[in-house]
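Q: Supplied in structure tokens, the structure appears directly below.
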Amino acid sequence: GVQTCALPILFTGADPNLSGHPSLSAAELVDKGRERIAADLRGQPAEQANLLAVLAKVYENMGQPLTALPLYEQAAQLEHQLRRPLREAHLLSQLANLLANDGQMEKALAPARLSLSLREQAQPPADALELADAYTTLGWVLNLSAPDEARRLLLQALAIRTERLPPDHLDIAGTLHDLGLLDLSQGHFEADRKSTRLNSSHLVISYAVFCLKKK
């Protein structure tokens with residue numbers, strides 16, 4: 001996880017007695033924290049990687065995914081140098097998802113495949129839920145270009161998540177959502193209504209997306 005001892009570097013500006021800028025917005029504080037990482041954590045790549053990942057998620061949650069992209073890239077590069085493959089794989093998955101959500105499917109493919117490869121080859125082995133994350137990410141990226149491979153990956157992720165997670169877990173809903181979008185993109189909605197291998201949640205989500213696309 002993130003080393004909390006370094007987190008104050010990002011947010012000392014929140015204290016007007018320390019920063020001298022009590023009117024700074026949250027976004028401005030995050031921007032200033034970003035500027036300080038390289039200087040204040042020079043020679044500490046593990047801390048840099050941790051905080052770059054935190055900042056990337058903050059920017060993502062603030063609705064600035066394009067600002068988050070290079071931070072995920074930098075953090076993943078540092079994790080690679082540190083030989084921490086599972087951390088690198090997680091960041092690559094985050095990067096691929098952001099690129100795919102921005103419509104940059106071709107750029108998303110390499111980090112998505114590398115994320116899966118790192119998790120499959122990890123020693124000790126990656127947790128099954130980490131593999132499910134990689135399957136889901138790559139399946140989403142391949143939605144349009146390789147639908148058969150995408151379906152196989154998403155169904156693998158769904159099998160793991162339904163076995164390991166509560167039935168109402170958000171990750172299960174996310175995989176079902178991706179399967180629903182895949183069905184719609186392939187014109188399989190009516191066929192899937194009659195398919196016994198798909199559960200009712202998948203059909204409900206597929207139908208909801210279908211209605212939204214019709215509007």
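Numbering starts fresh at 1 for the residues of each chain in the structure tokens, the chains themselves are lettered A, B, ... in the order given, and ligands are numbered from 1 as they appear.
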For the interface of region 36-135 of chain A with region 141-149 of chain A (cut-off 12 Å, counting only C-alpha atoms), please tabulate each contacting residue of region 36-135 of chain A alongside its nearest pair of atoms and their separation in Å to one decimal, rows sorted by chain and increasing number, as a Markdown table.

A:
```
| residue | atom | partner | partner_atom | distance |
| --- | --- | --- | --- | --- |
| A:Ser93 | CA | A:Val141 | CA | 10.5 |
| A:Gln94 | CA | A:Val141 | CA | 12.0 |
| A:Leu95 | CA | A:Val141 | CA | 11.4 |
| A:Ala96 | CA | A:Val141 | CA | 7.7 |
| A:Asn97 | CA | A:Val141 | CA | 7.6 |
| A:Leu98 | CA | A:Val141 | CA | 10.3 |
| A:Leu99 | CA | A:Val141 | CA | 8.9 |
| A:Ala100 | CA | A:Val141 | CA | 5.9 |
| A:Asn101 | CA | A:Val141 | CA | 8.9 |
| A:Asp102 | CA | A:Val141 | CA | 11.0 |
| A:Gly103 | CA | A:Val141 | CA | 9.3 |
| A:Gln104 | CA | A:Val141 | CA | 9.0 |
| A:Met105 | CA | A:Val141 | CA | 5.8 |
| A:Glu106 | CA | A:Val141 | CA | 8.2 |
| A:Lys107 | CA | A:Val141 | CA | 9.5 |
| A:Ala108 | CA | A:Val141 | CA | 6.6 |
| A:Leu109 | CA | A:Val141 | CA | 6.3 |
| A:Ala110 | CA | A:Val141 | CA | 9.9 |
| A:Pro111 | CA | A:Val141 | CA | 10.2 |
| A:Ala112 | CA | A:Val141 | CA | 7.5 |
| A:Arg113 | CA | A:Val141 | CA | 9.6 |
| A:Ala134 | CA | A:Val141 | CA | 10.7 |
| A:Tyr135 | CA | A:Val141 | CA | 10.0 |
```

Q: Taking the chain letters and numbering used in this document, name the residues of region 53-169 of chain A that DSSP puts in alpha helix (DSSP H), as a ChimeraX atom specification.

A: /A:53-61,65-81,85-101,105-121,128-141,147-164

Q: Using only C-alpha atoms, which of A:Ala68, A:Leu52, A:Ala157, A:Ala46 sits nearest Thr136 (chain A)?

A: A:Ala157

Q: To one decimal place in Å, what is the distance between CA of Leu154 (chain A) and CA of Gly139 (chain A)?

A: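 Separating CA of Leu154 (chain A) from CA of Gly139 (chain A) is a distance of 5.5 Å.
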
Q: Can you tell me which residues surround region 82-89 of chain A at a distance of at most 12 Å, considering only C-alpha atoms, apart from same-chain residues fewer than 4 positions away, and format the answer as a ChimeraX atom specification?

A: /A:1-2,44-50,53,72-78,93-96,110-127,130-131,133-135,137

Q: Rounded to one decimal in Å, what is the spacing between CA of Ala132 (chain A) and CA of Ala159 (chain A)?

A: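 Computing it gives 8.6 Å between the two atoms.
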